[in-house]
Structures are given as structure tokens and as C-alpha cells.
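Listing of start-v7.pdb, PDB, C-alpha atoms
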ATOM      1  CA  MET A1322       0.000   0.000   0.000
ATOM      2  CA  ARG A1323       2.847   2.371   0.933
ATOM      3  CA  GLN A1324       4.651   1.593  -2.335
ATOM      4  CA  GLN A1325       1.510   2.526  -4.285
ATOM      5  CA  GLN A1326       1.245   5.871  -2.455
ATOM      6  CA  LEU A1327       4.894   6.699  -3.211
ATOM      7  CA  THR A1328       4.316   5.961  -6.882
ATOM      8  CA  LEU A1329       1.323   8.316  -6.934
ATOM      9  CA  LEU A1330       3.433  11.057  -5.363
ATOM     10  CA  LYS A1331       6.062  10.661  -8.048
ATOM     11  CA  GLU A1332       3.494  11.021 -10.791
ATOM     12  CA  LYS A1333       1.805  14.092  -9.293
ATOM     13  CA  LYS A1334       1.227  16.884 -11.811
ATOM     14  CA  TYR A1335       1.853  20.370 -10.460
ATOM     15  CA  THR A1336      -0.925  22.864 -11.148
ATOM     16  CA  LYS A1337       1.407  25.908 -11.087
ATOM     17  CA  ARG A1338       3.362  24.763 -14.135
ATOM     18  CA  LYS A1339       3.319  27.312 -16.964
ATOM     19  CA  MET A1340       0.531  26.718 -19.456
ATOM     20  CA  ARG A1341       0.596  27.388 -23.172
ATOM     21  CA  ARG A1342      -0.625  30.964 -23.732
ATOM     22  CA  GLU A1343      -3.963  31.299 -25.525
ATOM     23  CA  ILE A1344      -3.199  33.031 -28.831
ATOM     24  CA  SER A1345      -5.244  33.009 -32.034
ATOM     25  CA  ILE A1346      -3.790  33.719 -35.474
ATOM     26  CA  ARG A1347      -7.254  33.826 -37.102
ATOM     27  CA  GLN A1348      -8.966  36.179 -34.656
ATOM     28  CA  TYR A1349      -8.001  39.165 -32.520
ATOM     29  CA  ASN A1350      -6.442  38.768 -29.088
ATOM     30  CA  HIS A1351      -7.001  40.856 -25.973
ATOM     31  CA  CYS A1352      -3.657  41.239 -24.179
ATOM     32  CA  VAL A1353      -2.733  42.955 -20.910
ATOM     33  CA  PHE A1354       0.712  43.967 -19.623
ATOM     34  CA  LYS A1355       0.634  44.504 -15.820
ATOM     35  CA  ALA A1356       3.316  46.562 -14.049
ATOM     36  CA  HIS A1357       4.464  46.720 -10.419
ATOM     37  CA  PHE A1358       4.516  50.517 -10.402
ATOM     38  CA  PRO A1359       1.880  53.111 -11.487
ATOM     39  CA  VAL A1360       4.292  54.830 -13.893
ATOM     40  CA  LEU A1361       3.195  53.730 -17.373
ATOM     41  CA  ARG A1362       0.871  56.627 -18.130
ATOM     42  CA  ARG A1363       3.550  59.264 -17.564
ATOM     43  CA  HIS A1364       5.662  57.460 -20.209
ATOM     44  CA  ALA A1365       2.715  56.993 -22.588
ATOM     45  CA  GLU A1366       4.302  58.747 -25.569
ATOM     46  CA  GLN A1367       7.411  56.580 -25.412
ATOM     47  CA  ILE A1368       5.383  53.391 -24.897
ATOM     48  CA  LYS A1369       3.199  54.266 -27.883
ATOM     49  CA  GLN A1370       6.271  54.802 -30.065
ATOM     50  CA  ILE A1371       7.815  51.480 -28.994
ATOM     51  CA  ILE A1372       4.575  49.613 -29.735
ATOM     52  CA  ARG A1373       4.322  51.288 -33.149
ATOM     53  CA  GLU A1374       7.889  50.361 -34.107
ATOM     54  CA  GLU A1375       7.545  46.757 -32.984
ATOM     55  CA  GLN A1376       4.126  46.187 -34.550
ATOM     56  CA  ILE A1377       5.488  47.304 -37.920
ATOM     57  CA  LYS A1378       8.511  45.052 -37.486
ATOM     58  CA  TRP A1379       6.487  41.945 -36.567
ATOM     59  CA  LYS A1380       3.414  42.690 -38.735
ATOM     60  CA  ILE A1381       1.006  43.048 -35.798
ATOM     61  CA  GLU A1382      -2.381  44.656 -36.477
ATOM     62  CA  LEU A1383      -3.848  46.725 -33.627
ATOM     63  CA  LYS A1384      -7.561  47.263 -33.107
ATOM     64  CA  ALA A1385      -7.437  49.068 -29.753
ATOM     65  CA  LEU A1386      -4.884  50.332 -27.237
ATOM     66  CA  ALA A1387      -5.201  51.864 -23.763
ATOM     67  CA  ILE A1388      -2.276  52.877 -21.563
ATOM     68  CA  GLU A1389      -3.244  52.974 -17.895
ATOM     69  CA  CYS A1390      -1.115  53.924 -14.897
ATOM     70  CA  ASN A1391      -0.067  50.346 -14.136
ATOM     71  CA  HIS A1392      -1.236  48.266 -17.103
ATOM     72  CA  ILE A1393      -1.617  48.313 -20.886
ATOM     73  CA  HIS A1394      -4.562  46.897 -22.860
ATOM     74  CA  LEU A1395      -4.199  45.844 -26.506
ATOM     75  CA  ALA A1396      -6.537  44.220 -29.000
ATOM     76  CA  LEU A1397      -4.263  42.821 -31.693
ATOM     77  CA  LYS A1398      -4.046  40.352 -34.536
ATOM     78  CA  THR A1399      -0.878  38.403 -35.276
ATOM     79  CA  PRO A1400       0.190  36.459 -38.393
ATOM     80  CA  SER A1401       1.876  33.732 -36.302
ATOM     81  CA  ARG A1402       2.611  32.623 -32.740
ATOM     82  CA  GLU A1403       6.287  33.356 -33.353
ATOM     83  CA  GLY A1404       5.481  36.886 -34.468
ATOM     84  CA  PHE A1405       3.368  37.459 -31.387
ATOM     85  CA  ALA A1406       6.074  36.068 -29.076
ATOM     86  CA  ASN A1407       8.717  38.323 -30.629
ATOM     87  CA  PHE A1408       6.411  41.360 -30.461
ATOM     88  CA  HIS A1409       5.587  40.655 -26.821
ATOM     89  CA  ARG A1410       9.231  40.159 -25.778
ATOM     90  CA  CYS A1411      10.498  43.215 -27.642
ATOM     91  CA  VAL A1412       7.748  45.532 -26.382
ATOM     92  CA  ALA A1413       8.001  44.319 -22.768
ATOM     93  CA  GLY A1414      11.801  44.414 -22.793
ATOM     94  CA  ARG A1415      12.172  47.856 -24.369
ATOM     95  CA  ILE A1416       9.516  49.463 -22.162
ATOM     96  CA  ALA A1417      10.986  47.926 -18.999
ATOM     97  CA  LYS A1418      14.559  48.918 -19.880
ATOM     98  CA  SER A1419      13.609  52.503 -20.645
ATOM     99  CA  ILE A1420      11.301  53.109 -17.672
ATOM    100  CA  LEU A1421      13.475  51.351 -15.070
ATOM    101  CA  LYS A1422      16.488  53.343 -16.222
ATOM    102  CA  ARG A1423      14.601  56.613 -15.758
ATOM    103  CA  LEU A1424      13.245  55.545 -12.371
ATOM    104  CA  ARG A1425      16.715  54.582 -11.132
ATOM    105  CA  GLU A1426      18.148  57.883 -12.328
ATOM    106  CA  LYS A1427      15.351  59.793 -10.609
ATOM    107  CA  GLN A1428      15.799  57.879  -7.346
ATOM    108  CA  SER A1429      19.574  58.377  -7.476
ATOM    109  CA  LEU A1430      19.126  62.135  -7.877
ATOM    110  CA  SER A1431      16.668  62.182  -4.970
ATOM    111  CA  LEU A1432      19.134  60.226  -2.858
ATOM    112  CA  ARG A1433      22.012  62.585  -3.646
ATOM    113  CA  LYS A1434      19.833  65.553  -2.728
ATOM    114  CA  LEU A1435      18.784  63.793   0.477
ATOM    115  CA  LYS A1436      22.425  63.146   1.409
ATOM    116  CA  VAL A1437      23.311  66.781   0.797
ATOM    117  CA  ASP A1438      20.341  68.074   2.777
ATOM    118  CA  THR A1439      20.864  65.728   5.740
ATOM    119  CA  GLY A1440      24.668  65.521   5.702
ATOM    120  CA  ILE A1441      24.686  61.769   5.136
ATOM    121  CA  GLY A1442      27.917  60.620   3.530
ATOM    122  CA  SER A1443      30.303  63.040   5.236
ATOM    123  CA  GLY A1444      32.948  62.451   7.891
ATOM    124  CA  SER A1445      33.817  59.104   9.416
ATOM    125  CA  GLY A1446      30.242  57.867   9.054
ATOM    126  CA  CYS A1447      30.336  57.951   5.238
ATOM    127  CA  ILE A1448      27.827  55.645   3.578
ATOM    128  CA  GLY A1449      28.803  54.654   0.041
ATOM    129  CA  ILE A1450      26.276  54.169  -2.738
ATOM    130  CA  GLY A1451      25.751  50.462  -3.266
ATOM    131  CA  VAL A1452      25.944  49.512   0.432
ATOM    132  CA  GLY A1453      22.177  49.186   0.597
ATOM    133  CA  VAL A1454      21.664  51.764   3.359
ATOM    134  CA  GLY A1455      19.469  54.797   2.879
ATOM    135  CA  VAL A1456      16.974  57.110   4.480
ATOM    136  CA  GLY A1457      13.525  56.828   2.935
ATOM    137  CA  VAL A1458      14.755  55.345  -0.365
ATOM    138  CA  GLY A1459      17.050  52.505  -1.359
ATOM    139  CA  VAL A1460      20.624  52.970  -2.505
ATOM    140  CA  GLY A1461      22.610  51.464  -5.379
ATOM    141  CA  VAL A1462      21.359  48.002  -6.303
ATOM    142  CA  GLY A1463      18.772  48.352  -3.559
ATOM    143  CA  VAL A1464      17.052  51.359  -5.165
ATOM    144  CA  SER A1465      13.326  50.853  -4.710
ATOM    145  CA  LEU A1466       9.921  52.383  -5.295
ATOM    146  CA  ASN A1467       6.949  51.798  -3.007
ATOM    147  CA  GLY A1468       9.059  49.238  -1.155
ATOM    148  CA  LEU A1469       9.745  47.181  -4.310
ATOM    149  CA  PRO A1470      13.235  46.930  -5.879
ATOM    150  CA  LEU A1471      13.641  48.531  -9.310
ATOM    151  CA  THR A1472      14.803  45.281 -10.899
ATOM    152  CA  SER A1473      11.614  44.256 -12.702
ATOM    153  CA  LEU A1474       8.832  46.367 -14.189
ATOM    154  CA  TRP A1475       6.281  43.709 -15.057
ATOM    155  CA  LYS A1476       4.202  42.082 -12.360
ATOM    156  CA  GLN A1477       3.449  38.793 -14.105
ATOM    157  CA  ARG A1478       3.297  37.034 -17.447
ATOM    158  CA  LEU A1479       1.355  38.691 -20.232
ATOM    159  CA  TRP A1480      -2.367  37.899 -19.935
ATOM    160  CA  SER A1481      -4.154  37.119 -23.183
ATOM    161  CA  ARG A1482      -7.323  35.597 -24.586
ATOM    162  CA  ALA A1483      -8.670  34.999 -28.073
ATOM    163  CA  VAL A1484     -11.534  37.306 -29.064
ATOM    164  CA  LYS A1485     -14.289  36.080 -31.366
ATOM    165  CA  TYR A1486     -15.492  38.260 -34.234
ATOM    166  CA  GLY A1487     -18.801  40.031 -33.770
ATOM    167  CA  ARG A1488     -20.187  41.024 -30.393
ATOM    168  CA  ASP A1489     -17.165  39.746 -28.451
ATOM    169  CA  LEU A1490     -14.749  41.891 -30.477
ATOM    170  CA  THR A1491     -17.039  44.934 -30.320
ATOM    171  CA  ASN A1492     -17.384  44.667 -26.532
ATOM    172  CA  THR A1493     -13.643  44.123 -26.068
ATOM    173  CA  VAL A1494     -12.693  47.175 -28.143
ATOM    174  CA  ARG A1495     -15.299  49.277 -26.327
ATOM    175  CA  TYR A1496     -13.994  48.065 -22.961
ATOM    176  CA  ILE A1497     -10.385  48.944 -23.869
ATOM    177  CA  PHE A1498     -11.243  52.439 -25.082
ATOM    178  CA  GLN A1499     -13.493  53.137 -22.080
ATOM    179  CA  ASN A1500     -11.008  51.766 -19.543
ATOM    180  CA  PRO A1501      -9.008  55.017 -19.144
ATOM    181  CA  VAL A1502     -12.266  56.985 -18.856
ATOM    182  CA  LYS A1503     -13.622  54.769 -16.073
ATOM    183  CA  SER A1504     -10.337  54.998 -14.166
ATOM    184  CA  GLY A1505     -10.260  58.781 -14.534
ATOM    185  CA  VAL A1506      -7.094  58.918 -16.660
ATOM    186  CA  LEU A1507      -8.887  60.455 -19.678
ATOM    187  CA  ASP A1508     -12.219  62.107 -20.342
ATOM    188  CA  LEU A1509     -14.586  61.185 -23.181
ATOM    189  CA  LEU A1510     -13.154  63.855 -25.515
ATOM    190  CA  GLN A1511      -9.670  62.297 -25.337
ATOM    191  CA  THR A1512     -10.491  58.675 -26.127
ATOM    192  CA  ASP A1513     -10.029  59.154 -29.883
ATOM    193  CA  ARG A1514      -6.419  60.309 -29.485
ATOM    194  CA  ILE A1515      -5.064  56.795 -30.099
ATOM    195  CA  LEU A1516      -5.713  56.312 -33.812
ATOM    196  CA  PHE A1517      -4.827  53.632 -36.363
ATOM    197  CA  ASP A1518      -4.454  53.568 -40.121
ATOM    198  CA  GLU A1519      -6.124  51.064 -42.477
ATOM    199  CA  ARG A1520      -3.401  48.484 -41.700
ATOM    200  CA  GLY A1521      -3.985  48.701 -37.949
ATOM    201  CA  VAL A1522      -0.710  50.607 -37.409
ATOM    202  CA  LEU A1523      -0.609  53.297 -34.741
ATOM    203  CA  LYS A1524      -0.660  56.809 -36.142
ATOM    204  CA  GLU A1525       1.890  59.262 -34.806
ATOM    205  CA  VAL A1526      -0.620  61.442 -32.961
ATOM    206  CA  PRO A1527       0.444  62.898 -29.580
ATOM    207  CA  LEU A1528      -1.258  61.372 -26.546
ATOM    208  CA  LEU A1529      -2.840  63.746 -24.036
ATOM    209  CA  LEU A1530      -1.501  63.049 -20.544
TER     210      LEU A1530
END

Can the structure in the file be given as C-alpha cells, please?
Amino acid sequence: MRQQQLTLLKEKKYTKRKMRREISIRQYNHCVFKAHFPVLRRHAEQIKQIIREEQIKWKIELKALAIECNHIHLALKTPSREGFANFHRCVAGRIAKSILKRLREKQSLSLRKLKVDTGIGSGSGCIGIGVGVGVGVGVGVGVSLNGLPLTSLWKQRLWSRAVKYGRDLTNTVRYIFQNPVKSGVLDLLQTDRILFDERGVLKEVPLLL
């Protein structure tokens, strides 16, 4: 009996194992990037430009886009799973690299100002950047925001689901465009500022912040 139980333990399938992402190459897909920090909206112009460049490169067609404070909604169509994977990795990587760099620079400047104002770092009690000691903010590798280290921008894997043509697609696009309005980021007069051409490519129209 004990031997049978041990065998069952060996063959146990773990539920937390990564699953194959749901992506359709015949229909549109609703995708969401989720970030640790509420900083995406203030970098909306740069994010929009990165998405535009990568969608042209990987032949991604966009139907809707909304940039919130801590997440990004997209309704997109991809010619292949490989194209989608490359688009996702490039967009996520470029956005994270750019924003984290700016956040680290901003925190470093704040820290230097704090050290000057408080006298930290002078005399025999000098604290060097990189030690991991700070007042109010992290230092060096330990630079943080809201108590989280600035080592990763994205909170989790990209969420996605296939969207059926017809009512499902209409409701999804409406939800994405209305999302910033409901959260108070934009008003109704600003929702048409993210525009696309006939190929589904983002137009270079400034976003209102």
C-alpha cells in the first residue's frame, strides 16, 4: 500500500506549471501587460512609439490600445505565434529597460539631494552608494519604489485571450477604449487620441496626458 502511495506522489502533476498561452492567429487577441509601479501613463508617448515600431517590425495589427497607470490593454491580430512572441518580448523588454532606467536615475538624484540636505555621507560615518543603506529610499542596487526593488517592471506574465469576431470583439474594443475613462485617466473627448491607419498601425498622434 505504501509503495503505491509513493508511486502516486512521483506522478503528481503540479498545477502551477506554466501553461501554453492562448493566442489566435485567425482572430483578434485581448492582451494585458501589468506593471508593479503606477508609472506607465507618464511614459505613454514613449510606450506608444515602442509599440508602433515593434508592430510594424512583426506585422502586428492593432484594433485598440489603452495605456493605464499600471497596465496596458491591446486588441491585436498576429500572423503567427512566433510573431506574437517576438512582439511581446520586444515591447516588454524595451519598455521595462527605458522606464526602469529613468526611475533609477530619478531615485539616485533624490538620494544625492537627500544626502546633501541631511549631511549623510560626510565624515567618518560615510555611507557609500551600493551599500544598501538609505533614508527613505534605497541605494545602489537596492534602489526601490513603493518598497519594491527597481529590478523588474512587469508584475506577471502577459495575460491574453482569443476574441471572437462580432459582439465579443465589439465589446472588447469598447472596454479597452473606455477603460481610461472609467479609471479617470482620460475624459470622453480624449479617447479618440489613439488612432490607427487602415493596416492597424498606430498613427503618430500625440497622446494627451

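Using only C-alpha atoms, the protein and nucleic acid residues lying no more than 6 Å from Leu1474 in chain A, apart from those fewer than 2 places from it along its own chain, are A:Ala1356, A:His1357, A:Ala1417.
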
One number please: CA of Lys1418 in chain A to CA of Tyr1496 in chain A, in Å, one decimal.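 That distance, rounded to one decimal, is 28.7 Å.
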
Need the shell around range 1346-1352 of chain A: protein/DNA/RNA residues with any atom at most 6 Å away, counting only C-alpha atoms. Skip same-chain ones fewer than 6 positions apart. Format as a PyMOL selection string? chain A and resi 1394-1401+1480-1484

CA of Ala1406 in chain A and CA of Asn1492 in chain A are how many Å apart?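 So the two atoms, CA of Ala1406 in chain A and CA of Asn1492 in chain A, lie 25.1 Å apart.
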
With all atoms listed in the file as the counted atoms, please give the residues lying no more than 9 Å from Pro1359 in chain A, apart from itself and same-chain residues fewer than 3 positions off, as a PDB file with C-alpha atoms, keeping the file's coordinate frame.
ATOM      1  CA  ALA A1356       3.316  46.562 -14.049  1.00  0.00           C
ATOM      2  CA  ARG A1362       0.871  56.627 -18.130  1.00  0.00           C
ATOM      3  CA  ARG A1363       3.550  59.264 -17.564  1.00  0.00           C
ATOM      4  CA  GLU A1389      -3.244  52.974 -17.895  1.00  0.00           C
ATOM      5  CA  CYS A1390      -1.115  53.924 -14.897  1.00  0.00           C
ATOM      6  CA  ASN A1391      -0.067  50.346 -14.136  1.00  0.00           C
ATOM      7  CA  HIS A1392      -1.236  48.266 -17.103  1.00  0.00           C
TER       8      HIS A1392
END

Could you check which of A:Lys1476, A:Phe1354, A:Ala1385, A:Ser1429 is closest to Arg1495 in chain A, using all atoms listed in the file? A:Ala1385

What does the PyMOL selection byres ((chain A and resi 1415) around 12) select in this file, as a ChimeraX atom specification? /A:1367-1372,1374-1375,1407-1414,1416-1422,1474-1475

d(CA of Gly1404 in chain A, CA of Lys1380 in chain A) in Å: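 Spanning CA of Gly1404 in chain A to CA of Lys1380 in chain A is a straight-line distance of 7.5 Å.
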
Rank nothing, just name the residue among A:Glu1426, A:Thr1472, A:Ser1345, A:Lys1378 nearest to Phe1358 in chain A, using all atoms listed in the file. A:Thr1472
